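The next block holds one structure in the form of structure tokens; read it before the comments.
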Amino acid sequence: MLDPKSYIQEHKERLLNELFDLLKIASISADPAYNNEVTRGAQAVHDFLKAAGIDHTKIYETEGHPIVYGEKNIAPHLPTVLVYGHYDVQPPDPLDLWDSKPFEPVVKKTPLHPEGAIFARGACDDKGQMFMHIKAIEYLISTHQLPCNVKFMIEGEEEVGSNSLVHFVKTHRELLKNDVILISDTGMIANDTPSITTGLRGLSYVEVCVTGPNRDLHSGLYGGAVANPINILTKMIASLHDQDNHITIPGFYDKVAELSIEEREAMAKAPFNLEGYQKALDIAAVYGEKDYTTNERNSIRPTLDVNGIWGGYTGEGAKTVIPSKAYAKISMRLVPHQDWEEITQLFKNHFKSIAPKGVTVSVTPHHGGQGYVTPIDHIGYKAASEAYETTFGKTPIPQRSGGSIPIVALFEEVLNAKSVLMGFGLDSDAIHSPNEHFGVWNYLKGIETIPYFYKNFTAHYLRQ
Ligand code: BES
Ligand code: MN
Ligand code: MN
């Protein structure tokens, strides 16, 4: 194989500048004020795919944000790889915590990225990682080395639940037919410790509202005599974990797949420095479910977390008031084989049942999805593992992630295809946070590694 390394060296400036152009587009899917930018994002991805030599490129309009599609067919007897990624990004706020502007990419050195990292919203999640695939294909096509068929499907609603993509996948089974799905939207352990993500957690996201009196009340005149929705809400939320940090919702753990001692021992072999972990977060201790390690708590165990809570007076100074309403947004990360719709229902029933008289409670589900596991004996996993061996000189460690990409389970269900998660980000890259970044080394290493996946996968496929 003509070495991707020399291609990358030769085109390095352009590979970076083109990504910067994409990062300058504020494709924030959650905020309708940015709809034009999201559309611009789709157009840019479309044009980059075309320029890379991908055929039949098309922007599919949806009820939400556009889906970008394209394919390159080599021969029908060869396997087809479907690349999935997203061009939408999380809102950048709080803006004042950024050291540079979120949509004006800059390269700065960091301790973990001595060769520099690209700072911008979406640099790692997922524009930078998705773009590695376009550039890897550009390399393979322009050097006449693409060994199989490839399809691209890049969406603009991942950060808000992929609603339009769910419909698109269900109604385009034939178009999306493939032998494996390839995704770079996760991370790895460290630059000298490559890993491949073998699992994603499921998700159930709900919003709750506790209503007390029909209007805000004077907290002196009424205080002590009526239920204060914020007091009640916080009490109810606190009761959702017991002293061992187990979740108290009846039936919540019923379907949780417990790992064998052997599997847990294998997991414990992955390098992890507790002190460094605590130091990086400025915390004196970790916290979580009894009898599980940090790496288990954030991957193979389900969780329940409040993501936001509001109500009453939060302005300047003091206002003496008992609010009429209190709200919270709550996410539950799920593991195989918990069903997100079932868990949402269990939450709803339980949360309503623990409300005292004097308040009413509503629970509104937002979105969700099932967890996912890639079997390490799948030829897609093997092809990826061998690719990392070639470019990192080390066998990557299989590792389950705590994050979620809900559409991946649907790919399996509807398209009957396994997904291989070749992530090149680091947990410390601050995705969804201020100062998100992606190592220049990681970006280029991704472009270098991906071509070997195609080569290896095609070889495995033809051999089986
Ligand atoms: N790329 C992330 C998910 C991720 C990141 C998985 C790192 C594993 C490692 C994705 O864009 C994301 O943020 N997913 C959301 C869920 C979605 C429904 C909003 C998440 O995990 O919170
Ligand atoms: Mn992502
Ligand atoms: Mn994300």
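By order of appearance in the structure tokens: chains A, B, ..., then residues from 1 within every chain, and ligands from 1 in the order shown.
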
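Proximal residues of ligand 2 are His86, Asp125, Asp126, Glu158, Glu159, Asp185 and Thr186 of chain A, by a cut-off of 7 Å on only C-alpha atoms and all ligand atoms.
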
If you count only C-alpha atoms, which residues fall within 10 Å of Lys170 of chain A, apart from same-chain ones fewer than 6 positions away, as a PyMOL selection string?
chain A and resi 176+410-411+413-415

Per residue of chain A within 12 Å of ligand 3, which atom pair is closest and at what distance in Å (one decimal), using only C-alpha atoms and all ligand atoms, listed by chain and increasing number, as a tab-separated table?
```
residue	atom	partner	partner_atom_place_in_ligand_line	distance
A:Ile28	CA	ligand 3	1 (Mn)	11.1
A:Ser29	CA	ligand 3	1 (Mn)	11.0
A:Ala30	CA	ligand 3	1 (Mn)	11.6
A:Gly85	CA	ligand 3	1 (Mn)	10.8
A:His86	CA	ligand 3	1 (Mn)	9.0
A:Tyr87	CA	ligand 3	1 (Mn)	10.3
A:Asp88	CA	ligand 3	1 (Mn)	8.7
A:Val89	CA	ligand 3	1 (Mn)	6.8
A:Gln90	CA	ligand 3	1 (Mn)	6.5
A:Pro91	CA	ligand 3	1 (Mn)	10.2
A:Pro92	CA	ligand 3	1 (Mn)	11.6
A:Arg121	CA	ligand 3	1 (Mn)	10.3
A:Gly122	CA	ligand 3	1 (Mn)	8.4
A:Ala123	CA	ligand 3	1 (Mn)	11.0
A:Cys124	CA	ligand 3	1 (Mn)	9.0
A:Asp125	CA	ligand 3	1 (Mn)	5.5
A:Asp126	CA	ligand 3	1 (Mn)	7.1
A:Lys127	CA	ligand 3	1 (Mn)	10.4
A:Gln129	CA	ligand 3	1 (Mn)	11.7
A:Gly156	CA	ligand 3	1 (Mn)	11.4
A:Glu157	CA	ligand 3	1 (Mn)	10.1
A:Glu158	CA	ligand 3	1 (Mn)	7.2
A:Glu159	CA	ligand 3	1 (Mn)	5.4
A:Val160	CA	ligand 3	1 (Mn)	8.9
A:Gly161	CA	ligand 3	1 (Mn)	10.1
A:Ser162	CA	ligand 3	1 (Mn)	11.5
A:Ser184	CA	ligand 3	1 (Mn)	11.8
A:Asp185	CA	ligand 3	1 (Mn)	8.1
A:Thr186	CA	ligand 3	1 (Mn)	9.1
A:Gly187	CA	ligand 3	1 (Mn)	11.6
A:Gly403	CA	ligand 3	1 (Mn)	8.7
A:Ser404	CA	ligand 3	1 (Mn)	8.6
A:Ile405	CA	ligand 3	1 (Mn)	8.4
A:Pro406	CA	ligand 3	1 (Mn)	11.2
A:Gly425	CA	ligand 3	1 (Mn)	11.9
A:Asp429	CA	ligand 3	1 (Mn)	11.9
A:Ala430	CA	ligand 3	1 (Mn)	10.5
A:Ile431	CA	ligand 3	1 (Mn)	6.8
A:His432	CA	ligand 3	1 (Mn)	6.2
A:Ser433	CA	ligand 3	1 (Mn)	10.0
A:Glu436	CA	ligand 3	1 (Mn)	11.0
```

Could you save the residues just selected, with N, CA and C atoms, as a short mmCIF file (atom, residue, chain, number, x, y, z; two decimals), in the first residue's frame?
```
data_model
loop_
_atom_site.label_atom_id
_atom_site.label_comp_id
_atom_site.auth_asym_id
_atom_site.auth_seq_id
_atom_site.Cartn_x
_atom_site.Cartn_y
_atom_site.Cartn_z
N ILE A 28 -24.93 24.63 14.93
CA ILE A 28 -25.50 24.26 16.24
C ILE A 28 -26.92 23.74 16.01
N SER A 29 -27.10 22.45 16.15
CA SER A 29 -28.41 21.86 15.79
C SER A 29 -29.51 22.21 16.79
N ALA A 30 -29.15 22.48 18.03
CA ALA A 30 -30.18 22.69 19.06
C ALA A 30 -30.89 24.03 18.95
N GLY A 85 -21.24 9.77 10.52
CA GLY A 85 -20.69 10.81 11.39
C GLY A 85 -21.70 11.95 11.48
N HIS A 86 -21.35 12.99 12.23
CA HIS A 86 -22.27 14.14 12.28
C HIS A 86 -21.53 15.46 12.15
N TYR A 87 -22.18 16.41 11.43
CA TYR A 87 -21.58 17.73 11.24
C TYR A 87 -22.20 18.76 12.17
N ASP A 88 -23.21 18.36 12.95
CA ASP A 88 -23.77 19.32 13.91
C ASP A 88 -22.94 19.33 15.18
N VAL A 89 -23.04 20.42 15.93
CA VAL A 89 -22.25 20.57 17.15
C VAL A 89 -23.14 21.03 18.31
N GLN A 90 -22.61 20.88 19.50
CA GLN A 90 -23.29 21.36 20.71
C GLN A 90 -23.19 22.89 20.76
N PRO A 91 -24.16 23.53 21.42
CA PRO A 91 -24.03 24.98 21.63
C PRO A 91 -22.71 25.26 22.39
N PRO A 92 -22.05 26.38 22.09
CA PRO A 92 -20.74 26.61 22.69
C PRO A 92 -20.77 27.21 24.09
N ARG A 121 -15.34 24.58 18.69
CA ARG A 121 -16.49 23.71 18.92
C ARG A 121 -16.60 22.74 17.76
N GLY A 122 -16.71 21.44 18.05
CA GLY A 122 -16.82 20.42 17.01
C GLY A 122 -15.47 19.88 16.54
N ALA A 123 -14.36 20.43 17.06
CA ALA A 123 -13.04 19.99 16.60
C ALA A 123 -12.91 18.48 16.77
N CYS A 124 -13.36 17.98 17.92
CA CYS A 124 -13.28 16.54 18.18
C CYS A 124 -14.64 15.86 17.96
N ASP A 125 -15.70 16.53 18.37
CA ASP A 125 -17.07 15.96 18.34
C ASP A 125 -17.96 16.79 17.43
N ASP A 126 -18.11 16.44 16.16
CA ASP A 126 -17.48 15.29 15.54
C ASP A 126 -16.84 15.71 14.22
N LYS A 127 -16.79 17.04 13.97
CA LYS A 127 -16.32 17.46 12.65
C LYS A 127 -14.92 16.96 12.36
N GLN A 129 -13.25 14.46 13.61
CA GLN A 129 -13.17 13.00 13.45
C GLN A 129 -13.89 12.53 12.19
N GLY A 156 -27.04 15.86 10.67
CA GLY A 156 -26.95 17.16 11.35
C GLY A 156 -27.80 17.26 12.59
N GLU A 157 -28.19 16.11 13.14
CA GLU A 157 -29.04 16.13 14.34
C GLU A 157 -28.57 15.19 15.44
N GLU A 158 -27.31 14.77 15.39
CA GLU A 158 -26.86 13.79 16.39
C GLU A 158 -26.96 14.37 17.79
N GLU A 159 -26.59 15.63 17.92
CA GLU A 159 -26.55 16.23 19.26
C GLU A 159 -27.94 16.51 19.82
N VAL A 160 -28.98 16.33 19.00
CA VAL A 160 -30.34 16.55 19.51
C VAL A 160 -31.21 15.30 19.37
N GLY A 161 -30.59 14.14 19.19
CA GLY A 161 -31.37 12.90 19.23
C GLY A 161 -31.61 12.18 17.91
N SER A 162 -31.09 12.69 16.79
CA SER A 162 -31.15 11.99 15.50
C SER A 162 -32.55 11.63 15.01
N SER A 184 -16.12 7.32 13.62
CA SER A 184 -15.16 7.93 14.53
C SER A 184 -15.88 9.05 15.26
N ASP A 185 -16.45 8.74 16.40
CA ASP A 185 -17.18 9.73 17.19
C ASP A 185 -17.05 9.37 18.68
N THR A 186 -15.93 8.71 19.01
CA THR A 186 -15.67 8.31 20.39
C THR A 186 -14.21 8.67 20.69
N GLY A 187 -13.64 8.05 21.71
CA GLY A 187 -12.26 8.40 22.06
C GLY A 187 -11.38 7.18 22.21
N GLY A 403 -20.32 7.06 26.93
CA GLY A 403 -21.14 7.95 26.10
C GLY A 403 -22.17 7.17 25.30
N SER A 404 -22.97 7.91 24.57
CA SER A 404 -24.06 7.29 23.80
C SER A 404 -24.09 7.82 22.37
N ILE A 405 -24.34 6.94 21.43
CA ILE A 405 -24.68 7.34 20.07
C ILE A 405 -25.89 6.48 19.72
N PRO A 406 -27.09 6.96 20.12
CA PRO A 406 -28.28 6.11 20.08
C PRO A 406 -28.57 5.46 18.73
N GLY A 425 -10.25 10.70 19.67
CA GLY A 425 -10.24 11.79 20.64
C GLY A 425 -9.76 11.31 22.00
N ASP A 429 -10.32 16.07 25.88
CA ASP A 429 -10.46 17.03 24.77
C ASP A 429 -11.63 17.99 24.93
N ALA A 430 -12.35 17.86 26.06
CA ALA A 430 -13.39 18.83 26.43
C ALA A 430 -14.54 18.91 25.43
N ILE A 431 -15.00 17.76 24.95
CA ILE A 431 -16.18 17.79 24.07
C ILE A 431 -17.38 18.23 24.90
N HIS A 432 -18.25 18.99 24.29
CA HIS A 432 -19.44 19.59 24.91
C HIS A 432 -19.08 20.68 25.92
N SER A 433 -17.81 20.94 26.17
CA SER A 433 -17.38 21.91 27.17
C SER A 433 -16.73 23.10 26.48
N GLU A 436 -13.19 23.08 23.70
CA GLU A 436 -13.09 21.78 23.02
C GLU A 436 -11.89 21.82 22.07
#
```

Do you know which residues are at most 7 Å from segment 95-107 of chain A counting only C-alpha atoms, after dropping those on the same chain fewer than 4 positions away, and could you put them as a PyMOL selection string?
chain A and resi 20+23-26+116-121+434-435

So how many Å separate atom CA of Val359 of chain A and atom CA of Thr234 of chain A, to one decimal?
13.2 Å

So that I can check the surroundings of Leu304 of chain A, please list as a PyMOL selection string every protein, DNA and RNA residue that reaches within 10 Å of it, counting only C-alpha atoms and ignoring chain neighbours fewer than 3 positions away.
chain A and resi 203-205+237+240-241+245-247+307+330-334

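Distances to Gly368 of chain A were evaluated for A:Lys135, A:Arg173, A:Arg201, A:His167 using only C-alpha atoms, and the minimum falls at A:Arg201.
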
Pick the closest to Thr110 of chain A from A:His460, A:Lys418, A:His337, A:His437: which is it, counting only C-alpha atoms?
A:His437

Determine which residues of segment 44-260 of chain A receive a DSSP assignment of alpha helix (DSSP H), computed from the backbone, and state them as an NGL selection string.
:A and (44-51 or 127-142 or 163-171 or 229-238)

Spatial neighbours of Asn228 of chain A, max dist 9 Å, only C-alpha atoms, sep filter under 3 positions, as a ChimeraX atom specification:
/A:211-213,223-224,231-233,322-326,359

Selected residues written out, C-alpha atoms, as a PDB file, in the first residue's frame:
```pdb
ATOM      1  CA  THR A 211     -46.186  22.149  40.612  1.00  0.00           C
ATOM      2  CA  GLY A 212     -47.329  23.411  43.993  1.00  0.00           C
ATOM      3  CA  PRO A 213     -49.567  26.454  44.518  1.00  0.00           C
ATOM      4  CA  GLY A 223     -43.931  29.629  54.141  1.00  0.00           C
ATOM      5  CA  GLY A 224     -44.286  26.480  56.248  1.00  0.00           C
ATOM      6  CA  ASN A 231     -37.893  21.652  48.420  1.00  0.00           C
ATOM      7  CA  ILE A 232     -40.034  18.737  47.242  1.00  0.00           C
ATOM      8  CA  LEU A 233     -38.240  18.287  43.920  1.00  0.00           C
ATOM      9  CA  ILE A 322     -42.196  30.224  47.272  1.00  0.00           C
ATOM     10  CA  PRO A 323     -42.271  29.302  43.604  1.00  0.00           C
ATOM     11  CA  SER A 324     -45.244  27.719  41.957  1.00  0.00           C
ATOM     12  CA  LYS A 325     -43.066  25.362  39.908  1.00  0.00           C
ATOM     13  CA  ALA A 326     -39.685  23.607  39.959  1.00  0.00           C
ATOM     14  CA  VAL A 359     -47.929  18.928  44.557  1.00  0.00           C
TER      15      VAL A 359
END
```

Choose the residue, out of A:His350, A:His133, A:His77, A:Lys329, that has the smallest atom-to-atom separation from Ala52 of chain A; count only C-alpha atoms.
A:His133

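Nearest to Pro356 of chain A of all the residues A:Ala409, A:Asp427, A:Ser401, A:Val210 is A:Val210, based on only C-alpha atoms.
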
Atom pair atom CA of Lys5 of chain A + atom CA of Gly128 of chain A, distance 18.1 Å

To test your reading of the structure, identify every residue in segment 189-416 of chain A that backbone DSSP assigns to strand (DSSP E or B), and report it as a PyMOL selection string.
chain A and resi 190+193+195-200+202-211+217-218+241+247+303-311+321-322+325-334+360-369+372-373+397-400
